[in-house]
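Colleague: Please read through the structure below; I'll follow up with questions.
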Amino acid sequence: MKFERDIPIRHSVDVFVAGGGPAGIAAALSASRSGASVYLAEKEQCFGGMATAAIVPAFMRFSDGINFLAGGIGREVFDALYGKDADFTPVEFPIDTEKLKRIYDKMLTDSDVIFSFENHIISLEQKDGKVTHAVIMGKEKIFAVEAKIFIDATGDGTVAVWAGADFEIGDDEGRMMPGSLCTLWGNIDWSRAIVELGKDPDNRRLKDAFSDGVFTVEDPNLPGMWRREDNYGGGNIGHVFGVDGTDENSITKGMIDARARMPEYRTYYRNYLEGYENTELLASGAVLGIRESRRIKCDYMMSVNDYFSYADFEDEIGRYNYPIDVHAATAGGYSKYWHLYGEGYPKGKSYGISYRALLPEKTSNVLVCGRCVGAEREMMGSIRVMPGCFITGMAAGTAAAMAAKADCTPREIDVKLLQDNLRAQGAFIPEK
């Protein structure tokens with residue numbers, strides 16, 4: 001079947017950003033603050049991605065114990081959510097989901113960024129090797145946005161792939177990390193519940209529950225429950241194996257499976273773990289939490305060697321230090337995390353992120369940021385979390401604004417000037 005339609009160009013801007021998660025928000029705001037006109041397209045009805053629509057319960061580390069690594073946009077979010085005087089050195093921070101939604105709303109509405117929810121990108125138009133338009137399905141109408149530079153903050157690399165970029169996906173067999181249906185729980189007695197960061201104490205009675213037939217899927221890896229205010233908890237529980245975040249049929253099956261199995265975790269927590277005897281499931285995420293899909297092949301692919309060598313780059317646009325965190329692709333598989341790589345870096349240590357990891361090969365006016373940057377699988381296990389997304393998003397947005405203003409490609413900008421501009425916004429980029 002052939003489908004043709006005249007599509008109105010609703011906006012003409014310098015920078016188009018696909019996706020309003022932490023990477024997309026940082027990209028859009030930094031591009032706008034750098035003088036570019038910006039359109040941000042978000043498919044859900046809130047900003048924040050996994051932290052809001054999927055109610056992922058915690059931010060991972062923002063700092064190396066000394067320096068605030070996710071400076072700039074990330075620092076603004078942190079200060080608004082936890083307070084300007086809050087200790088930024090812990091390795092995890094529980095998320096007040098509704099407060100975070102309002103913070104993101106205010107950041108965007110107070111900016112000059114043009115944006116809309118219910119924006120589903122359905123196609124790209126290209127001419128002479130450059131992307132010229134993003135075609136969007138709104139709530140009921142199709143329209144186009146014309147731009148000079150396009151930023152892919154989709155998490156799945158959709159825009160980059162449609163623009164011609166190659167990608168890697170999953171492990172050597174194409175298997176991806178499992179998703180999770182994150183949840184909100186009430187009636188937890190935190191004075192008796194055991195919480196030890198990085199040690200997953202919620203796992204300690206799983207074998208008993210397996211023997212008793214509680215679970216239909218015997219998954220020994222349980223990230224567990226994050227403590228929230230009062231008697232609430234945020235559940236990052238119940239791996240959903242075999243989910244392909246780029247395929248709607250796979251997502252549908254995974255979401256239905258996850259919801260069907262959630263009562264099993266209610267039984268487990270109430271009957272096997274102290275402090276949870278009266279806990280009740282209050283809500284589940286509107287979308288499935290996806291940890292992994294495509295990794296776009298970029299001019300430079302960050303590697304596990306970069307992690308272990310505390311890599312420095314002449315073109316680095318930030319530094320980060322979250323441990324390599326690769327969840328097992330199958331039930332009973334081995335997750336690479338704290339127990340394999342230790343508790344991460346020593347205090348004050350981090351690795352650099354190369355600007356070239358934001359430049360997809362085979363494209364000329366596209367940048368990537370967030371979970372789909374150029375990185376090998378194990379390295380993506382570190383850089384994929386939300387503070388890392390703030391870092392790469394801010395760099396992509398600033399670079400896009402510079403390229404649009406100079407009427408050049410993102411590869412042609414002055415990287416030293418990019419670094420100076422990022423430092424001026426609060427990015428942590430030590431002088432070489």
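Just remember, in the structure tokens the first chain shown is A, the second B, etc., residues are 1-based per chain, and ligands are 1-based in the order shown.
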So that I can see what lies close to Asp219 of chain A, please list as number ranges by chain the residues with an atom at most 12 Å from it, counting only C-alpha atoms and leaving out residues fewer than 6 positions away in the same chain.
Modeller: A: 178, 203, 206-207, 209-210, 237-241, 261, 264-265, 327-335
Colleague: What are the DSSP strand (DSSP E) residues of segment 88-226 of chain A, as a ChimeraX atom specification?
Modeller: /A:92-94,114-116,120-127,130-137,142-152,167-169,179-180,183-186,224-226
Colleague: Take the selection from the previous step and output its residues with N, CA and C atoms, as a compact mmCIF listing (two decimals), in the first residue's frame.
Modeller:
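Done, and the output landed in out_38.txt:
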```txt
# COMPACT_ATOMS: atom_id res chain seq x y z
N GLU A 92 23.09 6.65 45.44
CA GLU A 92 21.73 6.54 44.93
C GLU A 92 20.84 7.56 45.62
N PHE A 93 19.82 8.04 44.88
CA PHE A 93 18.92 9.04 45.40
C PHE A 93 17.48 8.67 45.05
N PRO A 94 16.62 8.42 46.03
CA PRO A 94 15.22 8.08 45.73
C PRO A 94 14.53 9.23 45.02
N ILE A 114 10.26 25.25 22.27
CA ILE A 114 8.91 24.88 21.80
C ILE A 114 8.79 23.38 22.00
N PHE A 115 7.69 22.93 22.57
CA PHE A 115 7.57 21.49 22.82
C PHE A 115 6.11 21.07 22.80
N SER A 116 5.92 19.78 22.69
CA SER A 116 4.59 19.20 22.79
C SER A 116 4.69 17.75 23.18
N HIS A 120 4.75 11.57 18.15
CA HIS A 120 5.36 10.32 17.72
C HIS A 120 6.02 10.56 16.37
N ILE A 121 7.34 10.44 16.33
CA ILE A 121 8.07 10.65 15.08
C ILE A 121 7.84 9.44 14.18
N ILE A 122 7.35 9.69 12.98
CA ILE A 122 7.02 8.58 12.08
C ILE A 122 7.91 8.52 10.85
N SER A 123 8.69 9.58 10.60
CA SER A 123 9.55 9.56 9.42
C SER A 123 10.51 10.74 9.45
N LEU A 124 11.56 10.63 8.64
CA LEU A 124 12.48 11.74 8.40
C LEU A 124 12.53 12.03 6.92
N GLU A 125 12.74 13.28 6.58
CA GLU A 125 13.00 13.68 5.21
C GLU A 125 14.46 14.09 5.09
N GLN A 126 15.12 13.68 4.01
CA GLN A 126 16.54 13.99 3.83
C GLN A 126 16.78 14.55 2.43
N LYS A 127 17.82 15.37 2.33
CA LYS A 127 18.22 15.92 1.04
C LYS A 127 19.71 16.17 1.06
N LYS A 130 21.64 15.23 4.20
CA LYS A 130 21.27 15.83 5.48
C LYS A 130 19.80 15.59 5.78
N VAL A 131 19.51 15.43 7.06
CA VAL A 131 18.12 15.37 7.48
C VAL A 131 17.56 16.79 7.45
N THR A 132 16.38 16.95 6.88
CA THR A 132 15.78 18.28 6.74
C THR A 132 14.52 18.45 7.58
N HIS A 133 13.75 17.35 7.74
CA HIS A 133 12.48 17.45 8.45
C HIS A 133 12.24 16.18 9.27
N ALA A 134 11.62 16.36 10.41
CA ALA A 134 11.05 15.24 11.16
C ALA A 134 9.55 15.27 10.96
N VAL A 135 8.98 14.14 10.58
CA VAL A 135 7.53 14.03 10.39
C VAL A 135 6.94 13.43 11.65
N ILE A 136 5.93 14.10 12.19
CA ILE A 136 5.41 13.75 13.50
C ILE A 136 3.91 13.48 13.44
N MET A 137 3.49 12.44 14.12
CA MET A 137 2.07 12.19 14.34
C MET A 137 1.70 12.76 15.70
N ILE A 142 -0.93 14.93 11.44
CA ILE A 142 0.47 14.76 11.04
C ILE A 142 1.03 16.11 10.65
N PHE A 143 2.23 16.40 11.12
CA PHE A 143 2.89 17.64 10.75
C PHE A 143 4.39 17.41 10.69
N ALA A 144 5.12 18.40 10.20
CA ALA A 144 6.57 18.30 10.07
C ALA A 144 7.23 19.45 10.81
N VAL A 145 8.47 19.18 11.27
CA VAL A 145 9.31 20.22 11.85
C VAL A 145 10.60 20.26 11.05
N GLU A 146 10.92 21.42 10.55
CA GLU A 146 12.15 21.65 9.78
C GLU A 146 13.25 22.11 10.74
N ALA A 147 14.45 21.59 10.57
CA ALA A 147 15.55 21.98 11.46
C ALA A 147 16.89 21.87 10.74
N LYS A 148 17.89 22.54 11.30
CA LYS A 148 19.25 22.44 10.77
C LYS A 148 19.99 21.24 11.36
N ILE A 149 19.81 21.03 12.67
CA ILE A 149 20.50 19.95 13.39
C ILE A 149 19.46 19.12 14.14
N PHE A 150 19.65 17.80 14.15
CA PHE A 150 18.72 16.88 14.79
C PHE A 150 19.44 16.11 15.90
N ILE A 151 18.81 16.06 17.06
CA ILE A 151 19.38 15.35 18.20
C ILE A 151 18.50 14.16 18.54
N ASP A 152 19.12 12.99 18.59
CA ASP A 152 18.41 11.76 18.94
C ASP A 152 18.60 11.50 20.43
N PHE A 167 24.24 0.37 13.81
CA PHE A 167 24.11 0.21 15.25
C PHE A 167 24.46 -1.20 15.68
N GLU A 168 24.69 -1.35 16.97
CA GLU A 168 24.83 -2.65 17.62
C GLU A 168 23.65 -2.80 18.56
N ILE A 169 23.29 -4.06 18.85
CA ILE A 169 22.17 -4.27 19.76
C ILE A 169 22.39 -5.54 20.56
N GLY A 179 13.90 -5.82 30.73
CA GLY A 179 13.22 -4.63 31.22
C GLY A 179 12.71 -4.89 32.63
N SER A 180 12.10 -3.88 33.23
CA SER A 180 11.44 -4.03 34.52
C SER A 180 10.20 -3.14 34.54
N THR A 183 7.43 -0.03 40.21
CA THR A 183 6.19 0.03 40.97
C THR A 183 6.33 0.89 42.21
N LEU A 184 5.18 1.30 42.76
CA LEU A 184 5.13 2.05 44.02
C LEU A 184 4.37 1.21 45.04
N TRP A 185 4.96 1.08 46.23
CA TRP A 185 4.40 0.25 47.29
C TRP A 185 4.19 1.07 48.55
N GLY A 186 3.20 0.68 49.36
CA GLY A 186 2.93 1.35 50.62
C GLY A 186 2.96 0.38 51.79
N GLY A 224 15.47 -4.87 43.76
CA GLY A 224 14.90 -4.62 45.06
C GLY A 224 14.10 -3.34 45.21
N MET A 225 13.86 -2.98 46.48
CA MET A 225 12.99 -1.88 46.87
C MET A 225 13.83 -0.70 47.37
N TRP A 226 13.51 0.50 46.86
CA TRP A 226 14.18 1.72 47.30
C TRP A 226 13.31 2.44 48.31
```
Colleague: Segment 352-408 of chain A near segment 13-32 of chain A within 12 Å: what's each residue's closest atom pair and its distance in Å to one decimal, counting only C-alpha atoms, ordered by chain then ascending residue number, as a tab-separated table?
Modeller:
```
residue	atom	partner	partner_atom	distance
A:Leu358	CA	A:Ala23	CA	11.8
A:Asn365	CA	A:Val15	CA	10.0
A:Val366	CA	A:Phe16	CA	9.6
A:Leu367	CA	A:Val17	CA	9.5
A:Val368	CA	A:Ala23	CA	9.3
A:Cys369	CA	A:Ala23	CA	6.0
A:Gly370	CA	A:Ala23	CA	5.1
A:Arg371	CA	A:Ala23	CA	8.4
A:Cys372	CA	A:Ala23	CA	10.2
A:Val373	CA	A:Ala23	CA	10.6
A:Ile383	CA	A:Ala23	CA	11.6
A:Arg384	CA	A:Ala23	CA	10.1
A:Val385	CA	A:Pro22	CA	9.5
A:Met386	CA	A:Pro22	CA	6.2
A:Pro387	CA	A:Pro22	CA	7.9
A:Gly388	CA	A:Ala23	CA	8.3
A:Cys389	CA	A:Ala23	CA	4.6
A:Phe390	CA	A:Ala23	CA	5.1
A:Ile391	CA	A:Ala23	CA	7.6
A:Thr392	CA	A:Ala23	CA	6.7
A:Gly393	CA	A:Ala23	CA	4.1
A:Met394	CA	A:Ala27	CA	4.7
A:Ala395	CA	A:Ala27	CA	7.1
A:Ala396	CA	A:Ala27	CA	5.8
A:Gly397	CA	A:Ala27	CA	3.9
A:Thr398	CA	A:Ala31	CA	4.9
A:Ala399	CA	A:Ala31	CA	7.7
A:Ala400	CA	A:Ala31	CA	6.6
A:Ala401	CA	A:Ala31	CA	5.0
A:Met402	CA	A:Ala31	CA	8.3
A:Ala403	CA	A:Asp14	CA	9.2
A:Ala404	CA	A:Asp14	CA	5.8
A:Lys405	CA	A:Asp14	CA	8.1
A:Ala406	CA	A:Asp14	CA	11.0
A:Asp407	CA	A:Asp14	CA	9.8
A:Cys408	CA	A:Asp14	CA	11.7
```
Colleague: Produce a file of the selected residues containing N, CA and C atoms, as a tab-separated table (two decimals), in the first residue's frame.
Modeller:
```tsv
chain	number	residue	atom	x	y	z
A	358	LEU	N	29.21	11.04	20.36
A	358	LEU	CA	27.90	11.63	20.10
A	358	LEU	C	27.65	11.85	18.62
A	365	ASN	N	24.28	15.71	10.06
A	365	ASN	CA	23.71	16.74	10.95
A	365	ASN	C	22.86	16.13	12.06
A	366	VAL	N	23.31	14.97	12.54
A	366	VAL	CA	22.62	14.27	13.63
A	366	VAL	C	23.59	14.05	14.78
A	367	LEU	N	23.12	14.27	16.00
A	367	LEU	CA	23.86	13.95	17.22
A	367	LEU	C	23.03	12.97	18.04
A	368	VAL	N	23.70	12.14	18.82
A	368	VAL	CA	23.00	11.24	19.74
A	368	VAL	C	23.40	11.58	21.16
A	369	CYS	N	22.52	11.28	22.10
A	369	CYS	CA	22.82	11.47	23.52
A	369	CYS	C	21.97	10.49	24.32
A	370	GLY	N	22.37	10.29	25.58
A	370	GLY	CA	21.62	9.36	26.42
A	370	GLY	C	22.02	7.92	26.19
A	371	ARG	N	21.02	7.03	26.21
A	371	ARG	CA	21.27	5.59	26.22
A	371	ARG	C	21.72	5.02	24.88
A	372	CYS	N	21.77	5.82	23.82
A	372	CYS	CA	22.13	5.29	22.51
A	372	CYS	C	23.43	5.88	21.98
A	373	VAL	N	24.28	6.45	22.85
A	373	VAL	CA	25.55	7.01	22.38
A	373	VAL	C	26.49	5.90	21.92
A	383	ILE	N	27.34	4.16	31.36
A	383	ILE	CA	26.97	5.51	30.93
A	383	ILE	C	25.47	5.70	30.73
A	384	ARG	N	24.71	4.59	30.74
A	384	ARG	CA	23.29	4.63	30.37
A	384	ARG	C	22.38	5.28	31.41
A	385	VAL	N	22.81	5.40	32.67
A	385	VAL	CA	21.91	5.87	33.71
A	385	VAL	C	21.69	7.38	33.62
A	386	MET	N	20.68	7.87	34.35
A	386	MET	CA	20.17	9.23	34.12
A	386	MET	C	21.18	10.35	34.32
A	387	PRO	N	22.01	10.35	35.37
A	387	PRO	CA	23.01	11.43	35.45
A	387	PRO	C	23.95	11.45	34.24
A	388	GLY	N	24.31	10.27	33.73
A	388	GLY	CA	25.11	10.21	32.51
A	388	GLY	C	24.37	10.80	31.33
A	389	CYS	N	23.05	10.62	31.29
A	389	CYS	CA	22.25	11.18	30.21
A	389	CYS	C	22.23	12.71	30.26
A	390	PHE	N	22.19	13.28	31.48
A	390	PHE	CA	22.28	14.74	31.58
A	390	PHE	C	23.58	15.24	30.96
A	391	ILE	N	24.66	14.53	31.19
A	391	ILE	CA	25.98	14.96	30.71
A	391	ILE	C	26.02	14.96	29.18
A	392	THR	N	25.66	13.82	28.57
A	392	THR	CA	25.74	13.74	27.10
A	392	THR	C	24.67	14.61	26.44
A	393	GLY	N	23.51	14.76	27.10
A	393	GLY	CA	22.46	15.60	26.53
A	393	GLY	C	22.88	17.06	26.46
A	394	MET	N	23.47	17.56	27.54
A	394	MET	CA	23.90	18.96	27.55
A	394	MET	C	24.96	19.21	26.49
A	395	ALA	N	25.86	18.26	26.31
A	395	ALA	CA	26.90	18.41	25.29
A	395	ALA	C	26.31	18.41	23.89
A	396	ALA	N	25.36	17.50	23.64
A	396	ALA	CA	24.74	17.44	22.32
A	396	ALA	C	23.99	18.72	22.00
A	397	GLY	N	23.25	19.24	22.99
A	397	GLY	CA	22.50	20.47	22.75
A	397	GLY	C	23.38	21.67	22.50
A	398	THR	N	24.45	21.79	23.26
A	398	THR	CA	25.37	22.92	23.08
A	398	THR	C	26.07	22.82	21.72
A	399	ALA	N	26.50	21.62	21.37
A	399	ALA	CA	27.16	21.42	20.07
A	399	ALA	C	26.21	21.72	18.92
A	400	ALA	N	24.95	21.29	19.06
A	400	ALA	CA	23.97	21.52	18.00
A	400	ALA	C	23.74	23.02	17.80
A	401	ALA	N	23.64	23.76	18.89
A	401	ALA	CA	23.45	25.21	18.78
A	401	ALA	C	24.64	25.87	18.11
A	402	MET	N	25.84	25.43	18.45
A	402	MET	CA	27.04	25.99	17.83
A	402	MET	C	27.06	25.71	16.33
A	403	ALA	N	26.71	24.48	15.95
A	403	ALA	CA	26.72	24.10	14.54
A	403	ALA	C	25.66	24.88	13.76
A	404	ALA	N	24.47	25.04	14.35
A	404	ALA	CA	23.41	25.78	13.66
A	404	ALA	C	23.81	27.23	13.46
A	405	LYS	N	24.41	27.83	14.47
A	405	LYS	CA	24.82	29.23	14.37
A	405	LYS	C	25.91	29.42	13.33
A	406	ALA	N	26.85	28.48	13.27
A	406	ALA	CA	27.97	28.59	12.32
A	406	ALA	C	27.62	28.04	10.94
A	407	ASP	N	26.42	27.48	10.80
A	407	ASP	CA	25.99	26.87	9.55
A	407	ASP	C	26.99	25.80	9.08
A	408	CYS	N	27.34	24.94	10.03
A	408	CYS	CA	28.26	23.85	9.72
A	408	CYS	C	27.73	22.57	10.34
```
Colleague: Write out as a list in words which residues come within 10 Å of Ile188 of chain A when counting only C-alpha atoms, dropping same-chain ones fewer than 2 positions away.
Modeller: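 Contacts, in chain order: Trp185, Gly186, Trp190, Ser191, Arg192, Ala193, Arg227, Arg228, Asp230, Asn231, Tyr232, Gly233, Tyr269, Arg270, Glu274, Gly275, Tyr276, Glu277, Asn278, Thr279 and Glu280 of chain A.
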Colleague: One decimal, in Å: what's the spacing between atom CA of Ser37 of chain A and atom CA of Val159 of chain A?
Modeller: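 Computed distance, atom CA of Ser37 of chain A to atom CA of Val159 of chain A, equals 19.3 Å.
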Colleague: My list of candidates is A:Thr267, A:Asp202, A:Lys141, A:Phe68. Which is closest to Pro220 of chain A when distances are computed with only C-alpha atoms?
Modeller: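 Using only C-alpha atoms, the shortest distance to Pro220 of chain A belongs to A:Asp202.
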Colleague: From segment 54-250 of chain A, collect each residue whose DSSP state is helix (DSSP H, G or I) and return the set as a ChimeraX atom specification.
Modeller: /A:73-82,97-109,158-162,201-211,248-250
Colleague: Grab the residues selected above and save them as a PDB file, in the first residue's frame with C-alpha atoms.
Modeller:
```pdb
ATOM      1  CA  ILE A  73      21.273  20.874  33.865  1.00  0.00           C
ATOM      2  CA  GLY A  74      21.814  17.843  36.091  1.00  0.00           C
ATOM      3  CA  ARG A  75      22.736  20.100  39.000  1.00  0.00           C
ATOM      4  CA  GLU A  76      19.630  22.220  38.471  1.00  0.00           C
ATOM      5  CA  VAL A  77      17.451  19.114  38.614  1.00  0.00           C
ATOM      6  CA  PHE A  78      19.273  17.815  41.684  1.00  0.00           C
ATOM      7  CA  ASP A  79      18.956  21.104  43.555  1.00  0.00           C
ATOM      8  CA  ALA A  80      15.258  21.435  42.742  1.00  0.00           C
ATOM      9  CA  LEU A  81      14.518  17.858  43.787  1.00  0.00           C
ATOM     10  CA  TYR A  82      16.728  17.477  46.860  1.00  0.00           C
ATOM     11  CA  THR A  97       8.088  11.071  40.847  1.00  0.00           C
ATOM     12  CA  GLU A  98       5.370  13.716  40.929  1.00  0.00           C
ATOM     13  CA  LYS A  99       7.732  16.411  42.168  1.00  0.00           C
ATOM     14  CA  LEU A 100      10.195  15.563  39.404  1.00  0.00           C
ATOM     15  CA  LYS A 101       7.447  15.868  36.777  1.00  0.00           C
ATOM     16  CA  ARG A 102       6.654  19.381  38.001  1.00  0.00           C
ATOM     17  CA  ILE A 103      10.342  20.327  38.042  1.00  0.00           C
ATOM     18  CA  TYR A 104      10.763  19.288  34.427  1.00  0.00           C
ATOM     19  CA  ASP A 105       7.521  21.044  33.440  1.00  0.00           C
ATOM     20  CA  LYS A 106       8.725  24.289  34.983  1.00  0.00           C
ATOM     21  CA  MET A 107      12.192  24.064  33.465  1.00  0.00           C
ATOM     22  CA  LEU A 108      10.718  23.710  29.992  1.00  0.00           C
ATOM     23  CA  THR A 109       7.852  26.169  30.344  1.00  0.00           C
ATOM     24  CA  THR A 158      15.494   5.724  16.189  1.00  0.00           C
ATOM     25  CA  VAL A 159      16.324   9.030  14.515  1.00  0.00           C
ATOM     26  CA  ALA A 160      19.976   8.134  13.958  1.00  0.00           C
ATOM     27  CA  VAL A 161      19.060   4.775  12.388  1.00  0.00           C
ATOM     28  CA  TRP A 162      16.446   6.359  10.137  1.00  0.00           C
ATOM     29  CA  PRO A 201      19.280  -8.051  50.556  1.00  0.00           C
ATOM     30  CA  ASP A 202      15.838  -8.579  49.028  1.00  0.00           C
ATOM     31  CA  ASN A 203      17.342 -11.657  47.326  1.00  0.00           C
ATOM     32  CA  ARG A 204      18.052 -13.518  50.536  1.00  0.00           C
ATOM     33  CA  ARG A 205      14.841 -15.573  50.665  1.00  0.00           C
ATOM     34  CA  LEU A 206      14.341 -16.117  46.944  1.00  0.00           C
ATOM     35  CA  LYS A 207      15.503 -19.759  47.027  1.00  0.00           C
ATOM     36  CA  ASP A 208      12.880 -20.519  49.678  1.00  0.00           C
ATOM     37  CA  ALA A 209      10.217 -18.833  47.577  1.00  0.00           C
ATOM     38  CA  PHE A 210      11.347 -20.768  44.494  1.00  0.00           C
ATOM     39  CA  SER A 211      11.060 -24.034  46.441  1.00  0.00           C
ATOM     40  CA  GLU A 248       5.865  -2.739  19.896  1.00  0.00           C
ATOM     41  CA  ASN A 249       4.769  -6.389  19.902  1.00  0.00           C
ATOM     42  CA  SER A 250       7.654  -7.348  22.180  1.00  0.00           C
TER      43      SER A 250
END
```
Colleague: Would you mind reading off the distance between atom CA of Arg295 of chain A and atom CA of Gln425 of chain A, one decimal, in Å?
Modeller: 27.3 Å
Colleague: What's the separation between atom CA of Glu292 of chain A and atom CA of Gly170 of chain A, in Å to one decimal place?
Modeller: 7.3 Å
Colleague: Identify which of the residues A:Glu229, A:Glu173, A:Asp87, A:Asp112 lies closest to Gly35 of chain A, counting only C-alpha atoms when measuring atom-to-atom distances.
Modeller: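 Looking only at the distances to Gly35 of chain A, the closest residue turns out to be A:Asp112.
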Colleague: Residues at most 8 Å from Asp244 of chain A, counting only C-alpha atoms, excluding those fewer than 5 positions away in the same chain, as a list in words?
Modeller: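 Near Asp244 of chain A, the qualifying residues are Met176, Ser250, Ile251 and Ser293 of chain A.
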Colleague: Please list as a PyMOL selection string every residue within 10 Å of Leu288 of chain A, counting only C-alpha atoms and excluding residues in the same chain fewer than 5 positions away.
Modeller: chain A and resi 50+53-56+179-182+240+243+245+251-252+254-256+258
Colleague: Could those selected residues go to a file with N, CA, C and O atoms, as a PDB file, in the first residue's frame?
Modeller:
```pdb
ATOM      1  N   MET A  50      12.162   7.426  31.873  1.00  0.00           N
ATOM      2  CA  MET A  50      12.121   6.293  32.790  1.00  0.00           C
ATOM      3  C   MET A  50      11.819   6.724  34.230  1.00  0.00           C
ATOM      4  O   MET A  50      11.136   6.020  34.964  1.00  0.00           O
ATOM      5  N   ALA A  53       7.498   8.435  33.632  1.00  0.00           N
ATOM      6  CA  ALA A  53       6.503   7.556  33.015  1.00  0.00           C
ATOM      7  C   ALA A  53       6.670   6.108  33.468  1.00  0.00           C
ATOM      8  O   ALA A  53       5.693   5.376  33.644  1.00  0.00           O
ATOM      9  N   ALA A  54       7.918   5.686  33.674  1.00  0.00           N
ATOM     10  CA  ALA A  54       8.185   4.304  34.095  1.00  0.00           C
ATOM     11  C   ALA A  54       8.378   4.183  35.601  1.00  0.00           C
ATOM     12  O   ALA A  54       8.569   3.081  36.104  1.00  0.00           O
ATOM     13  N   ILE A  55       8.325   5.263  36.341  1.00  0.00           N
ATOM     14  CA  ILE A  55       8.556   5.399  37.791  1.00  0.00           C
ATOM     15  C   ILE A  55       9.763   4.598  38.295  1.00  0.00           C
ATOM     16  O   ILE A  55       9.700   3.942  39.335  1.00  0.00           O
ATOM     17  N   VAL A  56      10.872   4.676  37.555  1.00  0.00           N
ATOM     18  CA  VAL A  56      12.140   4.148  38.076  1.00  0.00           C
ATOM     19  C   VAL A  56      12.415   4.837  39.410  1.00  0.00           C
ATOM     20  O   VAL A  56      12.334   6.064  39.499  1.00  0.00           O
ATOM     21  N   GLY A 179      13.900  -5.818  30.732  1.00  0.00           N
ATOM     22  CA  GLY A 179      13.216  -4.632  31.223  1.00  0.00           C
ATOM     23  C   GLY A 179      12.705  -4.891  32.626  1.00  0.00           C
ATOM     24  O   GLY A 179      12.850  -5.987  33.176  1.00  0.00           O
ATOM     25  N   SER A 180      12.096  -3.882  33.226  1.00  0.00           N
ATOM     26  CA  SER A 180      11.438  -4.027  34.522  1.00  0.00           C
ATOM     27  C   SER A 180      10.204  -3.142  34.544  1.00  0.00           C
ATOM     28  O   SER A 180      10.239  -2.020  34.023  1.00  0.00           O
ATOM     29  N   LEU A 181       9.146  -3.636  35.140  1.00  0.00           N
ATOM     30  CA  LEU A 181       7.976  -2.813  35.400  1.00  0.00           C
ATOM     31  C   LEU A 181       8.135  -2.253  36.812  1.00  0.00           C
ATOM     32  O   LEU A 181       7.944  -2.962  37.800  1.00  0.00           O
ATOM     33  N   CYS A 182       8.528  -1.000  36.905  1.00  0.00           N
ATOM     34  CA  CYS A 182       8.750  -0.397  38.208  1.00  0.00           C
ATOM     35  C   CYS A 182       7.422  -0.056  38.871  1.00  0.00           C
ATOM     36  O   CYS A 182       6.411   0.179  38.189  1.00  0.00           O
ATOM     37  N   VAL A 240      11.863  -8.547  33.170  1.00  0.00           N
ATOM     38  CA  VAL A 240      11.067  -9.034  32.042  1.00  0.00           C
ATOM     39  C   VAL A 240      12.050  -9.378  30.933  1.00  0.00           C
ATOM     40  O   VAL A 240      12.622  -8.498  30.293  1.00  0.00           O
ATOM     41  N   VAL A 243      12.716  -8.768  26.109  1.00  0.00           N
ATOM     42  CA  VAL A 243      12.020  -7.590  25.591  1.00  0.00           C
ATOM     43  C   VAL A 243      12.924  -6.813  24.644  1.00  0.00           C
ATOM     44  O   VAL A 243      14.065  -6.506  24.967  1.00  0.00           O
ATOM     45  N   GLY A 245      13.074  -3.282  23.077  1.00  0.00           N
ATOM     46  CA  GLY A 245      12.489  -1.959  23.233  1.00  0.00           C
ATOM     47  C   GLY A 245      12.218  -1.233  21.939  1.00  0.00           C
ATOM     48  O   GLY A 245      11.626  -0.143  21.957  1.00  0.00           O
ATOM     49  N   ILE A 251       7.222  -5.248  23.346  1.00  0.00           N
ATOM     50  CA  ILE A 251       6.910  -4.420  24.506  1.00  0.00           C
ATOM     51  C   ILE A 251       5.542  -4.783  25.069  1.00  0.00           C
ATOM     52  O   ILE A 251       5.354  -4.890  26.291  1.00  0.00           O
ATOM     53  N   THR A 252       4.576  -4.994  24.188  1.00  0.00           N
ATOM     54  CA  THR A 252       3.225  -5.354  24.621  1.00  0.00           C
ATOM     55  C   THR A 252       3.241  -6.652  25.417  1.00  0.00           C
ATOM     56  O   THR A 252       2.672  -6.737  26.518  1.00  0.00           O
ATOM     57  N   GLY A 254       5.788  -8.034  26.919  1.00  0.00           N
ATOM     58  CA  GLY A 254       6.546  -7.861  28.139  1.00  0.00           C
ATOM     59  C   GLY A 254       5.765  -7.137  29.214  1.00  0.00           C
ATOM     60  O   GLY A 254       5.808  -7.508  30.395  1.00  0.00           O
ATOM     61  N   MET A 255       5.023  -6.103  28.837  1.00  0.00           N
ATOM     62  CA  MET A 255       4.244  -5.345  29.812  1.00  0.00           C
ATOM     63  C   MET A 255       3.124  -6.191  30.418  1.00  0.00           C
ATOM     64  O   MET A 255       2.898  -6.186  31.628  1.00  0.00           O
ATOM     65  N   ILE A 256       2.433  -6.939  29.591  1.00  0.00           N
ATOM     66  CA  ILE A 256       1.356  -7.795  30.097  1.00  0.00           C
ATOM     67  C   ILE A 256       1.918  -8.870  31.022  1.00  0.00           C
ATOM     68  O   ILE A 256       1.362  -9.159  32.095  1.00  0.00           O
ATOM     69  N   ALA A 258       4.698  -8.672  32.775  1.00  0.00           N
ATOM     70  CA  ALA A 258       5.174  -8.044  34.008  1.00  0.00           C
ATOM     71  C   ALA A 258       4.028  -7.761  34.960  1.00  0.00           C
ATOM     72  O   ALA A 258       4.131  -8.003  36.174  1.00  0.00           O
TER      73      ALA A 258
END
```
Colleague: Residues of segment 318-378 of chain A that approach segment 417-424 of chain A to 12 Å or less, counting only C-alpha atoms: could you list each one with the shortest pair of atoms and its distance in Å to one decimal, rows by chain and increasing residue number, as CSV?
Modeller:
```
residue,atom,partner,partner_atom,distance
A:Gly318,CA,A:Leu422,CA,8.7
A:Ile353,CA,A:Gln419,CA,11.8
A:Ser354,CA,A:Gln419,CA,11.1
A:Tyr355,CA,A:Leu418,CA,9.5
```
Colleague: So that I can check the surroundings of Met379 of chain A, please list as a PyMOL selection string every protein, DNA and RNA residue that reaches within 9 Å of it, counting only C-alpha atoms and ignoring chain neighbours fewer than 6 positions away.
Modeller: chain A and resi 302-307+324-325
